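Undergrad: So here's data.txt, just compact mmCIF, C-alpha atoms:
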```txt
# COMPACT_ATOMS: atom_id res chain seq x y z
CA MET A 1 47.24 -36.11 88.28
CA ILE A 2 48.29 -34.02 85.31
CA PRO A 3 49.38 -30.45 86.23
CA GLY A 4 46.84 -27.90 85.06
CA GLY A 5 44.11 -30.53 84.73
CA GLY A 6 45.03 -31.49 81.14
CA GLN A 7 44.75 -34.95 79.67
CA PRO A 8 47.86 -37.12 79.30
CA ASN A 9 49.33 -37.22 75.83
CA MET A 10 48.43 -40.76 74.80
CA GLN A 11 50.89 -40.78 71.90
CA GLN A 12 53.72 -39.79 74.24
CA LEU A 13 52.71 -42.45 76.79
CA LEU A 14 52.60 -45.07 74.03
CA GLN A 15 56.06 -44.07 72.82
CA GLN A 16 57.45 -44.26 76.35
CA ALA A 17 55.92 -47.71 76.86
CA GLN A 18 57.35 -48.94 73.56
CA LYS A 19 60.80 -47.61 74.46
CA MET A 20 60.70 -49.30 77.88
CA GLN A 21 59.58 -52.55 76.22
CA GLN A 22 62.50 -52.31 73.75
CA ASP A 23 64.95 -51.49 76.56
CA LEU A 24 63.69 -54.53 78.49
CA ALA A 25 64.07 -56.79 75.43
CA ASN A 26 67.61 -55.46 74.86
CA ALA A 27 68.53 -56.08 78.51
CA GLN A 28 67.16 -59.64 78.33
CA GLU A 29 69.20 -60.32 75.17
CA GLU A 30 72.31 -58.98 76.87
CA LEU A 31 71.67 -61.24 79.88
CA ALA A 32 71.35 -64.26 77.59
CA ARG A 33 74.78 -63.46 76.08
CA THR A 34 76.60 -62.57 79.32
CA GLU A 35 78.27 -65.38 81.25
CA VAL A 36 78.88 -65.44 85.00
CA GLU A 37 80.73 -67.97 87.11
CA GLY A 38 80.21 -69.62 90.45
CA GLN A 39 82.58 -71.92 92.27
CA ALA A 40 82.77 -74.30 95.19
CA GLY A 41 85.46 -76.11 97.13
CA GLY A 42 87.93 -73.27 96.81
CA GLY A 43 87.69 -73.41 93.03
CA LEU A 44 87.72 -77.21 92.66
CA VAL A 45 84.41 -76.98 90.81
CA LYS A 46 83.45 -74.02 88.63
CA ALA A 47 80.11 -73.52 86.89
CA THR A 48 79.42 -70.98 84.17
CA VAL A 49 75.87 -69.82 83.47
CA THR A 50 74.38 -67.10 81.33
CA GLY A 51 72.86 -64.06 82.95
CA SER A 52 69.49 -65.68 82.30
CA GLY A 53 70.53 -68.81 84.25
CA GLU A 54 71.39 -71.30 81.47
CA LEU A 55 74.24 -73.65 82.46
CA ARG A 56 76.99 -73.32 79.84
CA ALA A 57 80.07 -74.98 81.33
CA LEU A 58 81.23 -77.04 84.26
CA VAL A 59 84.93 -77.42 85.14
CA ILE A 60 85.99 -80.04 87.70
CA ASP A 61 89.54 -80.07 89.01
CA PRO A 62 90.92 -83.63 89.05
CA GLU A 63 91.64 -83.19 92.79
CA ALA A 64 87.89 -83.12 93.37
CA VAL A 65 87.42 -86.57 91.86
CA ASP A 66 87.55 -89.37 94.41
CA PRO A 67 85.91 -92.60 93.15
CA GLU A 68 85.24 -93.54 96.79
CA ASP A 69 83.42 -90.28 97.52
CA THR A 70 81.23 -89.19 94.63
CA GLU A 71 78.75 -87.64 97.08
CA THR A 72 81.15 -84.81 97.96
CA LEU A 73 81.79 -84.15 94.26
CA ALA A 74 78.03 -83.99 93.63
CA ASP A 75 77.66 -81.53 96.52
CA LEU A 76 80.44 -79.35 95.09
CA ILE A 77 78.78 -79.35 91.67
CA VAL A 78 75.42 -78.36 93.12
CA ALA A 79 77.04 -75.61 95.21
CA ALA A 80 78.96 -74.23 92.20
CA VAL A 81 75.83 -74.15 90.03
CA GLN A 82 73.87 -72.48 92.83
CA ALA A 83 76.61 -69.87 93.26
CA ALA A 84 76.63 -69.20 89.51
CA ASN A 85 72.84 -68.83 89.49
CA GLU A 86 73.00 -66.41 92.43
CA ASN A 87 75.50 -64.34 90.44
CA ALA A 88 73.16 -64.49 87.43
CA GLN A 89 70.26 -63.27 89.58
CA ALA A 90 72.38 -60.38 90.84
CA LEU A 91 73.18 -59.50 87.23
CA GLN A 92 69.48 -59.69 86.35
CA GLN A 93 68.66 -57.35 89.21
CA GLN A 94 71.36 -54.95 88.06
CA LYS A 95 70.22 -54.96 84.41
CA LEU A 96 66.46 -55.28 84.80
CA GLY A 97 65.86 -53.57 88.14
CA PRO A 98 65.97 -50.00 86.82
CA LEU A 99 63.67 -50.99 83.94
CA ALA A 100 61.19 -52.60 86.32
CA GLN A 101 61.14 -49.45 88.44
CA GLY A 102 60.33 -47.48 85.31
CA LEU A 103 57.39 -49.82 84.74
CA GLY A 104 55.95 -49.06 88.15
CA GLY A 105 57.84 -50.81 90.89
CA GLY A 106 59.25 -54.18 89.91
CA SER A 107 57.41 -56.44 92.33
CA GLY A 108 54.64 -58.44 90.85
CA ILE A 109 55.37 -57.70 87.19
CA PRO A 110 54.75 -60.94 85.25
CA GLY A 111 57.80 -62.32 83.52
CA LEU A 112 60.35 -60.53 85.69
CA PRO A 113 62.33 -62.63 88.18
CA PHE A 114 61.98 -60.19 91.09
```
Is it possible to express this structure as structure tokens?
TA:
Amino acid sequence: MIPGGGQPNMQQLLQQAQKMQQDLANAQEELARTEVEGQAGGGLVKATVTGSGELRALVIDPEAVDPEDTETLADLIVAAVQAANENAQALQQQKLGPLAQGLGGGSGIPGLPF
């Protein structure tokens, strides 16, 4: 309800919506450029992903490589990538969460990961 019973200023609402849309686009670009890391096995395997979840690098310590046990190495790789993606999701929440709240809550907004 508008105080005093007046109508909302449509031009002002449009400007606010455009600014929030631009802020969201800027935050998404920043996420795509920012890299976060996850690791497993006490650092034997490290995965680097962007804030938007794109895998950029994978570092495997030679100690993790046992030709007789590739299953453990595979598990370490999966765990490191999962840890990196969890860190990317936390970064997304940090960068996009306030913007989503400004758009009316954050849950159920198409295109947002939360």
Undergrad: Of the candidates A:Val59, A:Ala74, A:Leu31, A:Leu13, which one gets nearest to Leu91 in chain A if we count all atoms listed in the file?
TA: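 Once distances to Leu91 in chain A are computed over all atoms listed in the file, the minimum belongs to A:Leu31.
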Undergrad: What is the CA of Ile77 in chain A to CA of Val49 in chain A distance in Å?
TA: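 If I compute the distance from CA of Ile77 in chain A to CA of Val49 in chain A, I get 12.9 Å.
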Undergrad: Here is a test: counting only C-alpha atoms, which residue of A:Leu14, A:Leu76, A:Ala84, A:Ala25 is nearest to Ala57 in chain A?
TA: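 The shortest atom-to-atom distance to Ala57 in chain A comes from A:Ala84.
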Undergrad: Quick one: everything within 9 Å of range 69-73 of chain A, counting all atoms listed in the file, minus sequence neighbours fewer than 5 positions away in the same chain. Send it as a VMD selection string.
TA: chain A and resid 45 60 64 78
Undergrad: Skipping near chain neighbours, those fewer than 5 positions away, what residues fall within 9 Å of Asp23 in chain A using all atoms listed in the file, listed as a list in words?
TA: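 Counting all atoms listed in the file, the residues come to Gln18, Gln28 and Leu99 of chain A.
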Undergrad: Just the number, please: distance in Å from CA of Leu58 in chain A to CA of Glu29 in chain A, one decimal.
TA: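 Straight-line distance from CA of Leu58 in chain A to CA of Glu29 in chain A works out to 22.5 Å.
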Undergrad: What is the distance, in Å and to one decimal place, between CA of Lys95 in chain A and CA of Val81 in chain A?
TA: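 Taking CA of Lys95 in chain A and CA of Val81 in chain A, their separation equals 20.8 Å.
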Undergrad: Nearest to Thr48 in chain A: which of A:Gln11, A:Gln16, A:Asn85, A:Gln94 is it, counting only C-alpha atoms?
TA: A:Asn85
Undergrad: Just checking: using all atoms listed in the file, which residue out of A:Asp61, A:Asp66, A:Asp75, A:Glu37 ends up closest to Ala90 in chain A?
TA: A:Glu37
Undergrad: Let me have the centre and edge lengths in Å, one decimal, of the box along x, y and z around every listed atom of range 11-30 of chain A with 6 Å of margin on each side, as JSON.
TA:
```
{"center_x": 61.6, "center_y": -50.1, "center_z": 75.2, "size_x": 33.4, "size_y": 32.5, "size_z": 18.6}
```
Undergrad: Please determine, counting all atoms listed in the file, which residue among A:Leu96, A:Ala79, A:Val36, A:Leu24 has the shortest atom-to-atom distance to Thr50 in chain A.
TA: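 Smallest separation from Thr50 in chain A among the options: A:Val36.
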Undergrad: Return the single residue from A:Gln15, A:Asn9, A:Gln92, A:Asn87 that is closest to Gln39 in chain A, with distances computed using only C-alpha atoms.
TA: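 Among the listed residues, A:Asn87 lies closest to Gln39 in chain A.
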